[in-house]
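Visitor: Data: upload_29.cif, mmCIF, N, CA and C atoms.
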data_my_file
#
loop_
_atom_site.label_atom_id
_atom_site.label_comp_id
_atom_site.auth_asym_id
_atom_site.auth_seq_id
_atom_site.Cartn_x
_atom_site.Cartn_y
_atom_site.Cartn_z
N MET A 472 21.30 18.77 -32.11
CA MET A 472 20.23 18.18 -31.33
C MET A 472 20.47 16.67 -31.26
N CYS A 473 20.20 16.10 -30.11
CA CYS A 473 20.38 14.67 -29.88
C CYS A 473 19.07 13.94 -30.19
N GLU A 474 19.11 13.07 -31.18
CA GLU A 474 17.92 12.29 -31.56
C GLU A 474 18.20 10.82 -31.25
N PHE A 475 17.29 10.23 -30.48
CA PHE A 475 17.50 8.87 -29.99
C PHE A 475 16.80 7.81 -30.83
N LYS A 476 17.45 6.66 -30.90
CA LYS A 476 16.79 5.44 -31.35
C LYS A 476 16.39 4.73 -30.07
N VAL A 477 15.17 4.22 -30.05
CA VAL A 477 14.64 3.58 -28.85
C VAL A 477 14.49 2.09 -29.11
N PHE A 478 15.01 1.29 -28.16
CA PHE A 478 15.00 -0.16 -28.29
C PHE A 478 14.31 -0.82 -27.11
N ASN A 479 13.73 -1.98 -27.38
CA ASN A 479 13.12 -2.81 -26.34
C ASN A 479 14.22 -3.62 -25.66
N LYS A 480 14.25 -3.59 -24.34
CA LYS A 480 15.31 -4.28 -23.58
C LYS A 480 15.29 -5.79 -23.80
N GLU A 481 14.11 -6.38 -23.86
CA GLU A 481 14.02 -7.84 -23.94
C GLU A 481 14.43 -8.40 -25.29
N ASN A 482 13.85 -7.88 -26.35
CA ASN A 482 14.10 -8.49 -27.66
C ASN A 482 14.99 -7.65 -28.57
N LYS A 483 15.44 -6.49 -28.07
CA LYS A 483 16.36 -5.60 -28.79
C LYS A 483 15.74 -4.98 -30.04
N ASP A 484 14.44 -5.13 -30.24
CA ASP A 484 13.77 -4.52 -31.40
C ASP A 484 13.78 -3.01 -31.27
N GLN A 485 13.93 -2.34 -32.41
CA GLN A 485 13.85 -0.89 -32.40
C GLN A 485 12.37 -0.50 -32.35
N ILE A 486 12.04 0.40 -31.42
CA ILE A 486 10.66 0.82 -31.20
C ILE A 486 10.38 2.14 -31.89
N ALA A 487 11.37 3.03 -31.89
CA ALA A 487 11.19 4.35 -32.47
C ALA A 487 12.56 4.91 -32.83
N GLU A 488 12.54 5.98 -33.65
CA GLU A 488 13.78 6.66 -33.98
C GLU A 488 13.53 8.16 -34.09
N ASP A 489 14.60 8.91 -34.08
CA ASP A 489 14.55 10.37 -34.14
C ASP A 489 13.74 10.96 -32.98
N VAL A 490 13.82 10.30 -31.82
CA VAL A 490 13.08 10.74 -30.63
C VAL A 490 13.87 11.87 -29.95
N VAL A 491 13.17 12.98 -29.68
CA VAL A 491 13.81 14.13 -29.03
C VAL A 491 13.18 14.46 -27.68
N ILE A 492 11.97 13.96 -27.43
CA ILE A 492 11.29 14.20 -26.15
C ILE A 492 10.81 12.87 -25.59
N VAL A 493 11.13 12.62 -24.33
CA VAL A 493 10.68 11.43 -23.63
C VAL A 493 10.09 11.90 -22.30
N GLU A 494 8.82 11.58 -22.07
CA GLU A 494 8.18 12.04 -20.84
C GLU A 494 7.06 11.09 -20.43
N TYR A 495 6.73 11.16 -19.15
CA TYR A 495 5.61 10.38 -18.62
C TYR A 495 4.39 11.28 -18.49
N THR A 496 3.22 10.73 -18.78
CA THR A 496 1.99 11.46 -18.54
C THR A 496 1.65 11.35 -17.05
N LYS A 497 0.62 12.05 -16.63
CA LYS A 497 0.18 11.96 -15.24
C LYS A 497 -0.32 10.57 -14.89
N LYS A 498 -0.69 9.78 -15.91
CA LYS A 498 -1.14 8.41 -15.69
C LYS A 498 -0.02 7.40 -15.90
N ASN A 499 1.23 7.89 -15.91
CA ASN A 499 2.42 7.05 -16.02
C ASN A 499 2.53 6.28 -17.33
N VAL A 500 2.10 6.90 -18.40
CA VAL A 500 2.31 6.34 -19.73
C VAL A 500 3.53 7.05 -20.31
N LEU A 501 4.50 6.28 -20.78
CA LEU A 501 5.70 6.86 -21.37
C LEU A 501 5.38 7.32 -22.79
N ILE A 502 5.71 8.57 -23.09
CA ILE A 502 5.48 9.13 -24.41
C ILE A 502 6.82 9.44 -25.06
N LEU A 503 7.00 8.94 -26.28
CA LEU A 503 8.19 9.22 -27.07
C LEU A 503 7.75 10.14 -28.23
N LYS A 504 8.38 11.30 -28.36
CA LYS A 504 8.03 12.21 -29.45
C LYS A 504 9.23 12.37 -30.36
N ASP A 505 8.96 12.24 -31.67
CA ASP A 505 10.04 12.37 -32.63
C ASP A 505 10.22 13.84 -33.04
N VAL A 506 11.13 14.10 -33.97
CA VAL A 506 11.45 15.47 -34.38
C VAL A 506 10.25 16.19 -34.98
N LEU A 507 9.27 15.45 -35.47
CA LEU A 507 8.07 16.07 -36.02
C LEU A 507 6.99 16.27 -34.95
N GLY A 508 7.29 15.85 -33.73
CA GLY A 508 6.32 15.98 -32.63
C GLY A 508 5.29 14.88 -32.59
N ILE A 509 5.49 13.84 -33.37
CA ILE A 509 4.55 12.72 -33.40
C ILE A 509 4.80 11.83 -32.18
N PRO A 510 3.77 11.68 -31.33
CA PRO A 510 3.95 10.89 -30.10
C PRO A 510 3.74 9.39 -30.33
N LYS A 511 4.44 8.61 -29.54
CA LYS A 511 4.22 7.16 -29.50
C LYS A 511 4.05 6.79 -28.04
N LYS A 512 2.90 6.18 -27.72
CA LYS A 512 2.62 5.77 -26.34
C LYS A 512 3.25 4.43 -26.04
N MET A 513 3.87 4.35 -24.86
CA MET A 513 4.46 3.10 -24.40
C MET A 513 3.83 2.80 -23.04
N ASP A 514 2.80 1.97 -23.05
CA ASP A 514 2.12 1.62 -21.81
C ASP A 514 3.00 0.73 -20.95
N SER A 515 2.94 0.98 -19.65
CA SER A 515 3.63 0.16 -18.66
C SER A 515 5.11 -0.01 -19.02
N ALA A 516 5.76 1.12 -19.25
CA ALA A 516 7.17 1.10 -19.68
C ALA A 516 8.04 1.86 -18.70
N LEU A 517 9.29 1.44 -18.65
CA LEU A 517 10.28 2.03 -17.76
C LEU A 517 11.55 2.29 -18.56
N ILE A 518 12.14 3.46 -18.38
CA ILE A 518 13.40 3.77 -19.04
C ILE A 518 14.52 3.04 -18.29
N ARG A 519 15.27 2.22 -19.00
CA ARG A 519 16.34 1.44 -18.37
C ARG A 519 17.73 2.01 -18.65
N SER A 520 17.90 2.68 -19.79
CA SER A 520 19.21 3.20 -20.13
C SER A 520 19.07 4.37 -21.12
N VAL A 521 19.88 5.40 -20.89
CA VAL A 521 19.97 6.53 -21.81
C VAL A 521 21.44 6.74 -22.12
N ASN A 522 21.80 6.69 -23.40
CA ASN A 522 23.19 6.85 -23.80
C ASN A 522 23.26 7.95 -24.86
N THR A 523 23.78 9.10 -24.47
CA THR A 523 23.87 10.21 -25.42
C THR A 523 25.03 10.04 -26.40
N LEU A 524 26.02 9.21 -26.05
CA LEU A 524 27.15 9.00 -26.95
C LEU A 524 26.72 8.27 -28.22
N ASN A 525 25.94 7.20 -28.05
CA ASN A 525 25.47 6.47 -29.24
C ASN A 525 23.99 6.74 -29.52
N GLN A 526 23.42 7.70 -28.81
CA GLN A 526 22.05 8.17 -29.01
C GLN A 526 21.03 7.03 -28.99
N THR A 527 21.12 6.23 -27.92
CA THR A 527 20.15 5.14 -27.75
C THR A 527 19.45 5.27 -26.41
N LEU A 528 18.23 4.80 -26.40
CA LEU A 528 17.40 4.76 -25.20
C LEU A 528 16.82 3.36 -25.14
N ILE A 529 16.96 2.71 -24.00
CA ILE A 529 16.45 1.35 -23.83
C ILE A 529 15.28 1.41 -22.86
N ILE A 530 14.17 0.80 -23.26
CA ILE A 530 13.02 0.75 -22.36
C ILE A 530 12.61 -0.70 -22.13
N GLN A 531 11.95 -0.90 -21.01
CA GLN A 531 11.42 -2.22 -20.65
C GLN A 531 9.93 -2.06 -20.44
N GLN A 532 9.17 -3.00 -20.97
CA GLN A 532 7.73 -2.99 -20.78
C GLN A 532 7.30 -4.25 -20.05
N ASP A 533 6.41 -4.06 -19.09
CA ASP A 533 5.85 -5.16 -18.32
C ASP A 533 4.58 -4.65 -17.66
N PRO A 534 3.52 -5.45 -17.62
CA PRO A 534 2.27 -4.99 -17.01
C PRO A 534 2.43 -4.50 -15.57
N LEU A 535 3.39 -5.03 -14.83
CA LEU A 535 3.57 -4.63 -13.43
C LEU A 535 4.14 -3.21 -13.29
N ILE A 536 4.82 -2.73 -14.30
CA ILE A 536 5.46 -1.41 -14.19
C ILE A 536 4.44 -0.31 -13.96
N GLN A 537 3.40 -0.28 -14.78
CA GLN A 537 2.37 0.75 -14.64
C GLN A 537 1.72 0.70 -13.26
N ASP A 538 1.39 -0.50 -12.82
CA ASP A 538 0.77 -0.67 -11.50
C ASP A 538 1.69 -0.18 -10.38
N PHE A 539 2.98 -0.49 -10.50
CA PHE A 539 3.93 -0.08 -9.49
C PHE A 539 4.11 1.44 -9.48
N LEU A 540 4.21 2.05 -10.66
CA LEU A 540 4.35 3.50 -10.72
C LEU A 540 3.12 4.20 -10.14
N ASN A 541 1.94 3.65 -10.42
CA ASN A 541 0.72 4.22 -9.85
C ASN A 541 0.71 4.10 -8.32
N LEU A 542 1.21 2.97 -7.83
CA LEU A 542 1.30 2.76 -6.39
C LEU A 542 2.24 3.80 -5.76
N LEU A 543 3.37 4.04 -6.39
CA LEU A 543 4.32 5.03 -5.88
C LEU A 543 3.71 6.43 -5.89
N ASP A 544 2.98 6.76 -6.95
CA ASP A 544 2.33 8.08 -7.01
C ASP A 544 1.35 8.27 -5.87
N LYS A 545 0.57 7.25 -5.60
CA LYS A 545 -0.39 7.33 -4.49
C LYS A 545 0.33 7.46 -3.16
N LYS A 546 1.42 6.74 -3.00
CA LYS A 546 2.21 6.84 -1.77
C LYS A 546 2.74 8.25 -1.59
N ASN A 547 3.32 8.81 -2.66
CA ASN A 547 3.90 10.15 -2.58
C ASN A 547 2.84 11.23 -2.40
N ALA A 548 1.62 10.98 -2.85
CA ALA A 548 0.54 11.95 -2.69
C ALA A 548 -0.23 11.72 -1.39
N SER A 549 0.23 10.76 -0.61
CA SER A 549 -0.43 10.40 0.66
C SER A 549 -1.88 9.97 0.47
N THR A 550 -2.15 9.29 -0.65
CA THR A 550 -3.49 8.78 -0.92
C THR A 550 -3.51 7.26 -1.00
N LEU A 551 -2.40 6.64 -0.64
CA LEU A 551 -2.28 5.18 -0.71
C LEU A 551 -3.17 4.53 0.33
N LYS A 552 -3.90 3.49 -0.11
CA LYS A 552 -4.77 2.74 0.79
C LYS A 552 -4.29 1.30 0.86
N LYS A 553 -4.68 0.63 1.92
CA LYS A 553 -4.32 -0.78 2.07
C LYS A 553 -4.80 -1.59 0.87
N GLU A 554 -5.97 -1.25 0.35
CA GLU A 554 -6.53 -1.99 -0.79
C GLU A 554 -5.63 -1.88 -2.01
N ASP A 555 -4.97 -0.72 -2.18
CA ASP A 555 -4.06 -0.54 -3.31
C ASP A 555 -2.89 -1.51 -3.20
N ILE A 556 -2.36 -1.62 -2.00
CA ILE A 556 -1.23 -2.53 -1.77
C ILE A 556 -1.68 -3.98 -1.94
N GLU A 557 -2.84 -4.29 -1.41
CA GLU A 557 -3.35 -5.67 -1.53
C GLU A 557 -3.60 -6.05 -2.98
N THR A 558 -4.10 -5.12 -3.77
CA THR A 558 -4.33 -5.40 -5.20
C THR A 558 -3.01 -5.68 -5.90
N PHE A 559 -1.99 -4.88 -5.59
CA PHE A 559 -0.68 -5.11 -6.19
C PHE A 559 -0.08 -6.42 -5.71
N GLN A 560 -0.26 -6.72 -4.43
CA GLN A 560 0.24 -7.99 -3.89
C GLN A 560 -0.42 -9.18 -4.59
N GLU A 561 -1.71 -9.07 -4.89
CA GLU A 561 -2.41 -10.14 -5.60
C GLU A 561 -1.79 -10.38 -6.97
N LYS A 562 -1.43 -9.31 -7.65
CA LYS A 562 -0.79 -9.46 -8.96
C LYS A 562 0.57 -10.14 -8.83
N LEU A 563 1.30 -9.80 -7.77
CA LEU A 563 2.59 -10.44 -7.54
C LEU A 563 2.41 -11.92 -7.18
N GLU A 564 1.40 -12.22 -6.37
CA GLU A 564 1.13 -13.61 -6.02
C GLU A 564 0.74 -14.42 -7.25
N ASN A 565 -0.04 -13.82 -8.13
CA ASN A 565 -0.43 -14.48 -9.37
C ASN A 565 0.81 -14.77 -10.21
N LEU A 566 1.70 -13.83 -10.29
CA LEU A 566 2.96 -14.03 -11.01
C LEU A 566 3.78 -15.15 -10.36
N LYS A 567 3.85 -15.12 -9.06
CA LYS A 567 4.60 -16.13 -8.30
C LYS A 567 4.05 -17.53 -8.56
N SER A 568 2.74 -17.66 -8.64
CA SER A 568 2.13 -18.98 -8.83
C SER A 568 2.39 -19.55 -10.23
N HIS A 569 2.81 -18.69 -11.16
CA HIS A 569 3.08 -19.15 -12.53
C HIS A 569 4.57 -19.38 -12.80
N ILE A 570 5.36 -19.30 -11.75
CA ILE A 570 6.82 -19.52 -11.92
C ILE A 570 7.14 -20.98 -11.69
#
Write the structure described by the file as structure tokens, please.
Guide:
Amino acid sequence: MCEFKVFNKENKDQIAEDVVIVEYTKKNVLILKDVLGIPKKMDSALIRSVNTLNQTLIIQQDPLIQDFLNLLDKKNASTLKKEDIETFQEKLENLKSHI
């Protein structure tokens, strides 16, 4: 069985180990489950790399990720509204103003 060590992309910190199940909930929360089935929630996270040779998984966390994944889900379900896009655009504009 392949058991992963999970690392944060930005600071290289190890987040979890002995992870055998990685999945997203319907609300786009990344769940890491170890060999004992103990879950660890990773809010607003994206899988950036999976390497089965060295059994590592790299994830990135950022508040925009969850919002973007939710936007994509609404688009794919044909429930996307202009207000959803405008709300996301406001978050991007806020980010832009702080650069």
Visitor: From a DSSP calculation on the backbone, collect every residue of segment 500-539 of chain A in alpha helix (DSSP H) and output the set as a PyMOL selection string.
Guide: chain A and resi 534-539
Visitor: Can you list, as a list in words, every protein, DNA or RNA residue that comes within 10 Å of segment 523-532 of chain A when you count only C-alpha atoms, leaving out same-chain residues fewer than 4 positions away?
Guide: Cys473, Glu474, Phe475, Lys476, Val477, Phe478, Asn479, Lys480, Glu481, Asn482, Lys483, Asp484, Gln485, Ile486, Ala487, Glu488, Asp489, Val490, Val493, Leu501, Met513, Asp514, Ser515, Ala516, Leu517, Ile518, Arg519, Ile536 and Gln537 of chain A
Visitor: List the neighbours of Lys512 of chain A out to 8 Å using only N, CA and C atoms; skip same-chain residues closer than 5 positions along the sequence, and give me the result as a PDB file with N, CA and C atoms, in the frame of the given file.
Guide:
ATOM      1  N   VAL A 500       2.100   6.900 -18.400  1.00  0.00           N
ATOM      2  CA  VAL A 500       2.310   6.340 -19.730  1.00  0.00           C
ATOM      3  C   VAL A 500       3.530   7.050 -20.310  1.00  0.00           C
ATOM      4  N   LEU A 501       4.500   6.280 -20.780  1.00  0.00           N
ATOM      5  CA  LEU A 501       5.700   6.860 -21.370  1.00  0.00           C
ATOM      6  C   LEU A 501       5.380   7.320 -22.790  1.00  0.00           C
ATOM      7  N   ILE A 502       5.710   8.570 -23.090  1.00  0.00           N
ATOM      8  CA  ILE A 502       5.480   9.130 -24.410  1.00  0.00           C
ATOM      9  C   ILE A 502       6.820   9.440 -25.060  1.00  0.00           C
ATOM     10  N   LEU A 503       7.000   8.940 -26.280  1.00  0.00           N
ATOM     11  CA  LEU A 503       8.190   9.220 -27.070  1.00  0.00           C
ATOM     12  C   LEU A 503       7.750  10.140 -28.230  1.00  0.00           C
ATOM     13  N   LYS A 504       8.380  11.300 -28.360  1.00  0.00           N
ATOM     14  CA  LYS A 504       8.030  12.210 -29.450  1.00  0.00           C
ATOM     15  C   LYS A 504       9.230  12.370 -30.360  1.00  0.00           C
TER      16      LYS A 504
END
Visitor: Work out how far atom N of Ile556 of chain A is from atom CA of Ile570 of chain A, in Å to one decimal.
Guide: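 Straight-line distance from atom CA of Ile570 of chain A to atom N of Ile556 of chain A works out to 22.4 Å.
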Visitor: For the atom pair atom CA of Leu542 of chain A and atom CA of Asp555 of chain A, what is the interatomic distance in Å to one decimal place?
Guide: 7.0 Å
Visitor: In Å, with one decimal, what is the gap from atom CA of Leu543 of chain A to atom CA of Asn499 of chain A?
Guide: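 Interatomic distance, atom CA of Leu543 of chain A to atom CA of Asn499 of chain A: 10.5 Å.
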Visitor: Could you give me the centre and size, in Å to one decimal, of an axis-aligned box around all listed atoms of segment 499-517 of chain A with 3 Å added on every side, as JSON?
Guide:
{"center_x": 6.4, "center_y": 8.1, "center_z": -26.0, "size_x": 16.3, "size_y": 22.3, "size_z": 26.1}
Visitor: Given only C-alpha atoms as the basis, pick out the residue of A:Val491, A:Leu563, A:Val506, A:Val521 nearest to Phe539 of chain A.
Guide: A:Leu563
Visitor: Hey, what does DSSP flag as strand (DSSP E or B) within segment 523-555 of chain A? Can you give it to me as a list in words?
Guide: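 Those residues are Thr527, Leu528, Ile529, Ile530, Gln531 and Gln532 of chain A.
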Visitor: Using only C-alpha atoms, which of the listed residues (A:Met472, A:Leu540, A:Leu535, A:Leu507) sits closest to Tyr495 of chain A?
Guide: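 Under the stated criterion, the closest residue is A:Leu540.
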Visitor: For segment 500-535 of chain A of the block above, can you save N, CA and C atoms as an mmCIF file, in the first residue's frame?
Guide:
data_model
loop_
_atom_site.group_PDB
_atom_site.id
_atom_site.type_symbol
_atom_site.label_atom_id
_atom_site.label_comp_id
_atom_site.auth_asym_id
_atom_site.auth_seq_id
_atom_site.Cartn_x
_atom_site.Cartn_y
_atom_site.Cartn_z
ATOM 1 N N VAL A 500 -13.699 20.861 0.412
ATOM 2 C CA VAL A 500 -12.711 20.788 1.482
ATOM 3 C C VAL A 500 -11.885 19.528 1.218
ATOM 4 N N LEU A 501 -10.572 19.678 1.191
ATOM 5 C CA LEU A 501 -9.691 18.542 0.959
ATOM 6 C C LEU A 501 -9.567 17.741 2.255
ATOM 7 N N ILE A 502 -9.809 16.438 2.164
ATOM 8 C CA ILE A 502 -9.715 15.556 3.320
ATOM 9 C C ILE A 502 -8.565 14.581 3.095
ATOM 10 N N LEU A 503 -7.677 14.499 4.083
ATOM 11 C CA LEU A 503 -6.577 13.547 4.073
ATOM 12 C C LEU A 503 -6.880 12.500 5.149
ATOM 13 N N LYS A 504 -6.917 11.229 4.777
ATOM 14 C CA LYS A 504 -7.178 10.170 5.757
ATOM 15 C C LYS A 504 -5.959 9.273 5.849
ATOM 16 N N ASP A 505 -5.553 9.011 7.098
ATOM 17 C CA ASP A 505 -4.390 8.156 7.305
ATOM 18 C C ASP A 505 -4.812 6.683 7.358
ATOM 19 N N VAL A 506 -3.851 5.802 7.617
ATOM 20 C CA VAL A 506 -4.107 4.358 7.609
ATOM 21 C C VAL A 506 -5.131 3.941 8.661
ATOM 22 N N LEU A 507 -5.311 4.755 9.684
ATOM 23 C CA LEU A 507 -6.308 4.454 10.712
ATOM 24 C C LEU A 507 -7.675 5.048 10.373
ATOM 25 N N GLY A 508 -7.752 5.756 9.251
ATOM 26 C CA GLY A 508 -9.011 6.374 8.838
ATOM 27 C C GLY A 508 -9.277 7.708 9.504
ATOM 28 N N ILE A 509 -8.283 8.252 10.175
ATOM 29 C CA ILE A 509 -8.437 9.540 10.853
ATOM 30 C C ILE A 509 -8.321 10.658 9.815
ATOM 31 N N PRO A 510 -9.391 11.466 9.681
ATOM 32 C CA PRO A 510 -9.369 12.528 8.661
ATOM 33 C C PRO A 510 -8.705 13.811 9.154
ATOM 34 N N LYS A 511 -8.113 14.521 8.221
ATOM 35 C CA LYS A 511 -7.578 15.860 8.492
ATOM 36 C C LYS A 511 -8.136 16.769 7.413
ATOM 37 N N LYS A 512 -8.848 17.820 7.841
ATOM 38 C CA LYS A 512 -9.438 18.768 6.898
ATOM 39 C C LYS A 512 -8.419 19.811 6.481
ATOM 40 N N MET A 513 -8.402 20.084 5.176
ATOM 41 C CA MET A 513 -7.533 21.117 4.633
ATOM 42 C C MET A 513 -8.431 22.098 3.880
ATOM 43 N N ASP A 514 -8.802 23.174 4.549
ATOM 44 C CA ASP A 514 -9.670 24.171 3.923
ATOM 45 C C ASP A 514 -8.918 24.930 2.842
ATOM 46 N N SER A 515 -9.626 25.209 1.768
ATOM 47 C CA SER A 515 -9.107 26.024 0.675
ATOM 48 C C SER A 515 -7.748 25.519 0.197
ATOM 49 N N ALA A 516 -7.704 24.222 -0.105
ATOM 50 C CA ALA A 516 -6.445 23.584 -0.498
ATOM 51 C C ALA A 516 -6.557 22.975 -1.887
ATOM 52 N N LEU A 517 -5.414 22.910 -2.542
ATOM 53 C CA LEU A 517 -5.324 22.369 -3.886
ATOM 54 C C LEU A 517 -4.146 21.405 -3.933
ATOM 55 N N ILE A 518 -4.342 20.257 -4.561
ATOM 56 C CA ILE A 518 -3.252 19.300 -4.722
ATOM 57 C C ILE A 518 -2.358 19.801 -5.853
ATOM 58 N N ARG A 519 -1.080 19.984 -5.560
ATOM 59 C CA ARG A 519 -0.142 20.496 -6.565
ATOM 60 C C ARG A 519 0.750 19.413 -7.151
ATOM 61 N N SER A 520 1.029 18.357 -6.375
ATOM 62 C CA SER A 520 1.921 17.316 -6.863
ATOM 63 C C SER A 520 1.647 16.010 -6.115
ATOM 64 N N VAL A 521 1.666 14.917 -6.877
ATOM 65 C CA VAL A 521 1.558 13.578 -6.296
ATOM 66 C C VAL A 521 2.710 12.764 -6.859
ATOM 67 N N ASN A 522 3.546 12.212 -5.974
ATOM 68 C CA ASN A 522 4.696 11.432 -6.412
ATOM 69 C C ASN A 522 4.647 10.074 -5.709
ATOM 70 N N THR A 523 4.316 9.037 -6.464
ATOM 71 C CA THR A 523 4.235 7.706 -5.858
ATOM 72 C C THR A 523 5.615 7.085 -5.639
ATOM 73 N N LEU A 524 6.636 7.577 -6.363
ATOM 74 C CA LEU A 524 7.974 7.024 -6.188
ATOM 75 C C LEU A 524 8.542 7.348 -4.805
ATOM 76 N N ASN A 525 8.400 8.610 -4.387
ATOM 77 C CA ASN A 525 8.892 8.968 -3.056
ATOM 78 C C ASN A 525 7.749 9.160 -2.057
ATOM 79 N N GLN A 526 6.542 8.801 -2.471
ATOM 80 C CA GLN A 526 5.350 8.810 -1.623
ATOM 81 C C GLN A 526 5.112 10.164 -0.949
ATOM 82 N N THR A 527 5.135 11.211 -1.781
ATOM 83 C CA THR A 527 4.858 12.552 -1.271
ATOM 84 C C THR A 527 3.697 13.181 -2.022
ATOM 85 N N LEU A 528 2.997 14.023 -1.312
ATOM 86 C CA LEU A 528 1.882 14.785 -1.861
ATOM 87 C C LEU A 528 2.099 16.225 -1.422
ATOM 88 N N ILE A 529 2.053 17.148 -2.364
ATOM 89 C CA ILE A 529 2.255 18.556 -2.061
ATOM 90 C C ILE A 529 0.928 19.273 -2.245
ATOM 91 N N ILE A 530 0.548 20.049 -1.238
ATOM 92 C CA ILE A 530 -0.681 20.835 -1.363
ATOM 93 C C ILE A 530 -0.380 22.310 -1.149
ATOM 94 N N GLN A 531 -1.247 23.123 -1.702
ATOM 95 C CA GLN A 531 -1.153 24.573 -1.544
ATOM 96 C C GLN A 531 -2.461 25.049 -0.942
ATOM 97 N N GLN A 532 -2.353 25.934 0.030
ATOM 98 C CA GLN A 532 -3.536 26.511 0.646
ATOM 99 C C GLN A 532 -3.555 28.012 0.429
ATOM 100 N N ASP A 533 -4.733 28.515 0.077
ATOM 101 C CA ASP A 533 -4.939 29.944 -0.119
ATOM 102 C C ASP A 533 -6.434 30.197 -0.053
ATOM 103 N N PRO A 534 -6.868 31.273 0.584
ATOM 104 C CA PRO A 534 -8.303 31.542 0.688
ATOM 105 C C PRO A 534 -9.024 31.590 -0.660
ATOM 106 N N LEU A 535 -8.333 31.969 -1.724
ATOM 107 C CA LEU A 535 -8.973 32.067 -3.040
ATOM 108 C C LEU A 535 -9.299 30.697 -3.644
#
